[in-house]
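Here is the structure we will look at, set down as structure tokens.
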Amino acid sequence: MILNMGPHHPSTHGVLRLILEIDGETIVRIMPDIGYLHTGIEKTCEAKFYQQVVPLTDRIDYLCPLTNNLCYVLAVEKLLGLEIPPKAQWMRVMLNELTRINSHLVWLGTHALDIGAMSVFLYCFREREDILRLFEMVSGQRMMTSYFRIGGLALEPPLGFFKPVREFANRFPAKVDEYENLLTGNPIWGMRTKGVARITAEDAVALGASGPTLRGSGVDFDLRRDMPYSGYENFKFKVPVSQDGDVFARYICRVREMRESIAIVQQALDGMPEGRIKADAPKVILPDREKMKTEMEALIYHFKIITEGFAVPEGEVYQAVESPRGEMGYYVVSDGTAKPYRVHMRAACLANLQLLPAMCEGRLLADVVAAIGSIDIVLGEIDR
Amino acid sequence: MPLLPAVTELEQLKAHPALAKLLAWNSGAVEGAKFDRDELTIYIERSSIGDACGLLRDDRDCPFNFLVDVTCVDWYPKQPRFEIVYHLLSLSNKERVRLKVRLDDSSEIDSVTSVWPAANYFEREVYDLFGVRFNGHPYLRRLLMPEDWEGYPLRKDYPVEGYR
């Protein structure tokens with residue numbers, strides 16, 4: 001029998017459509033059908049100035065907008081050869097780890113909800129709300145933050161911003177214990193996740209999986225540690241790896257990652273350097289408001305950047321960062337003008353989704369729901 | 001960090017494991033190389049891409065076992081028009097390399113799905129948005145656009161607002 005699952009099925013996390021060929025309850029073949037959320041962001045980028053692309057990147061993976069911002073600005077900074085002051089780098093790392101926790105909380109809540117543990121959702125969204133309030137304090141937006149700029153940050157963090165961050169970082173580990181009390185030892189959770197949707201390390205590598213999906217199969221690779229960017233080499237953290245390759249392994253990797261992330265946030269708070277938040281590049285970075293009122297130069301640069309953008313030297317760059325879902329990469333090609341010639345996003349979810357047939361074929365229909373949840377897809381990123 | 005000029009001399013870049021391996025295998029398959037902003041690009045002759053990928057994947061000292069991404073750049077109206085871009089990563093050696101193949105208007109190339117199954121969706125996406133055909137692909141259908149869509153949206157001669 002051919003069965004359509006989605007695009008409106010609640011457990012497909014958006015608009016994923018699966019065409020299932022089933023024999024009774026057993027999956028014979030599974031064909032993901034995507035593209036329902038395709039908005040042509042890559043084409044839109046080609047018609048914008050470099051700085052105007054930043055808000056577009058938020059909308060790709062809407063659960064981790066700051067990671068997208070970071071990846072894009074790092075790519076353009078590499079094209080320009082800009083050096084970023086340490087305070088901006090540390091702020092970026094701190095906010096990125098908060099974003100990772102935010103994304104993992106949404107994943108954990110909805111994943112547990114799919115499998116039938118309803119109450120976890122409420123616990124997770126309680127803490128997620130705290131993180132979104134922090135984002136609102138620093139950028140003025142809860143979700144579409146666009147806080148990073150090419151060359152630094154948009155604004156100084158507000159006075160007293162670090163206090164609520166520290167309070168959150170102090171109380172969060174106990175909250176992770178709460179989630180784990182609800183799930184990790186729970187026999188029903190174990191029956192639904194252990195040994196389900198197994199994938200070997202060889203298959204995961206061959207199919208291009210990355211992030212917790214890859215580490216859940218025992219491949220110890222994390223871009224933050226192995227190919228550091230934006231000052232990650234200054235932080236000490238462990239990379240959780242599990243050997244089992246099943247849904248439970250991916251669950252345990254992500255939950256442990258939340259603990260490591262909060263440790264990174266603590267380190268960032270303890271060692272936050274003083275200084276500027278923007279690089280010294282007047283032709284690229286908008287001048288301060290106050291300077292514009294008194295200095296002719298600042299006014300001219302502001303006018304030029306807004307109306308003409310800034311030219312980026314010819315070349316191409318691939319920049320990858322570790323997003324909550326895996327390797328997110330931006331491939332930016334410049335032809336020497338003020339608009340990018342080509343921007344391509346390497347979506348971790350798109351590659352991870354290719355694992356779904358390997359995970360589910362020959363297994364039960366109910367396991368598909370657990371498998372989709374465990375690869376943590378965001379359709380905005382898959383379809384772009 | 002001021003930008004350094006790109007290095008394009010093959011002789012100076014031979015130390016890189018991927019390039020050394022490819023040159024030792026078949027120097028005719030390597031059309032050129034470029035080292036710019038700490039990233040190495042190797043231009044591969046069109047018919048050798050499948051073999052070159054297999055060779056790099058199975059290398060004993062520095063296996064580029066992970067296909068990160070396949071994408072395309074349209075240089076319309078210049079010829080050769082398309083550049084297919086492969087990003088490879090070595091999980092054990094933490095090295096990256098970019099392979100490029102230049103394609104003219106006929107826009108056909110061998111698929112690398114037999115080397116990495118991961119290429120399946122990436123190549124479908126390139127086919128969908130650029131109209132480049134991948135020979136030997138198991139299921140070359142549109143991925144993101146509707147089945148009956150006309151034109152290839154990411155080509156440079158396709159208007160941003162679409163055809164009206």
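Labels for the structure tokens follow display order: chains A, B, ..., residues from 1 in each chain, ligands from 1.
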*Counting only C-alpha atoms, which residues of chain B come no farther than 9 Å from chain A, as a VMD selection string?*
chain B and resid 1 to 3 36 to 37 39 65 to 74 87 91 to 92 94 to 95 98 115 to 122 143 to 146 153 to 155 160
Might you pull out every residue within 9 Å of Val165 (chain A), with only C-alpha atoms counted and same-chain residues fewer than 5 positions away left off, and present them as a PDB file with C-alpha atoms, in the first residue's frame?
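Contents of out.pdb, freshly written:
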ATOM      1  CA  ILE A 131      16.645  32.243  26.235  1.00  0.00           C
ATOM      2  CA  LEU A 134      17.869  37.116  26.488  1.00  0.00           C
ATOM      3  CA  ASN A 170      23.558  28.809  36.856  1.00  0.00           C
ATOM      4  CA  VAL A 265      28.494  30.071  28.127  1.00  0.00           C
ATOM      5  CA  GLN A 266      29.922  30.124  31.678  1.00  0.00           C
ATOM      6  CA  LEU A 269      30.982  35.061  30.799  1.00  0.00           C
TER       7      LEU A 269
END
At a cut-off of 7 Å, using only C-alpha atoms, what residues contact region 23-32 of chain B? Leave out same-chain residues fewer than 5 positions from it and give the result as a PDB file with C-alpha atoms, in the first residue's frame.
ATOM      1  CA  LEU B  10      50.956  23.821  -9.477  1.00  0.00           C
ATOM      2  CA  ILE B  42      41.608  21.974  -7.868  1.00  0.00           C
ATOM      3  CA  TYR B  43      40.203  22.163 -11.378  1.00  0.00           C
ATOM      4  CA  ILE B  44      39.442  18.702 -12.716  1.00  0.00           C
ATOM      5  CA  GLU B  45      38.948  17.698 -16.295  1.00  0.00           C
ATOM      6  CA  SER B  48      37.787  12.313 -14.770  1.00  0.00           C
TER       7      SER B  48
END
*How would you write, as a PyMOL selection string, the set of residues in region 140-209 of chain A that DSSP gives as strand (DSSP E or B)?*
chain A and resi 148-149+152-153
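Nearest residue to Asp61 (chain B) among B:Val126, B:Ile109, B:Leu140, B:Ala18 is B:Ala18, counting only C-alpha atoms.
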*Skipping near chain neighbours, those fewer than 2 positions away, what residues fall within 10 Å of Cys360 (chain A) using only C-alpha atoms, listed as a PyMOL selection string?*
chain A and resi 26-30+196-199+355-358+362-372
Residue selection dump (C-alpha atoms) as a CSV table (one decimal), in the first residue's frame:
chain,number,residue,atom,x,y,z
A,26,THR,CA,6.3,-2.7,7.8
A,27,ILE,CA,8.0,0.0,5.7
A,28,VAL,CA,9.1,-1.3,2.3
A,29,ARG,CA,10.2,2.0,0.8
A,30,ILE,CA,10.3,5.5,2.0
A,196,VAL,CA,15.3,2.0,16.7
A,197,ALA,CA,16.4,3.5,13.4
A,198,ARG,CA,19.9,2.3,13.7
A,199,ILE,CA,22.6,3.6,11.4
A,355,LEU,CA,19.5,8.9,6.2
A,356,LEU,CA,15.8,8.4,6.7
A,357,PRO,CA,15.3,5.6,4.2
A,358,ALA,CA,18.4,3.7,5.5
A,362,GLY,CA,12.2,-2.8,7.0
A,363,ARG,CA,11.0,-1.4,10.3
A,364,LEU,CA,7.6,-0.4,11.7
A,365,LEU,CA,5.5,2.6,10.7
A,366,ALA,CA,5.6,4.0,14.3
A,367,ASP,CA,9.4,4.1,14.2
A,368,VAL,CA,9.3,6.6,11.3
A,369,VAL,CA,8.0,9.2,13.7
A,370,ALA,CA,10.9,8.5,16.2
A,371,ALA,CA,13.4,8.5,13.3
A,372,ILE,CA,12.3,11.9,11.9
*asked:* Applying 12 Å and only C-alpha atoms, which residues near Pro138 (chain B) remain after dropping the ones on its own chain fewer than 2 positions away? List them as an NGL selection string.
replied: :B and (110-114 or 117 or 119-121 or 123-124 or 133-136 or 140-141)
*Counting only C-alpha atoms, which of A:Leu379, A:Leu155, A:Met94, A:Leu113 gets nearest to Leu66 (chain A)?*
A:Met94
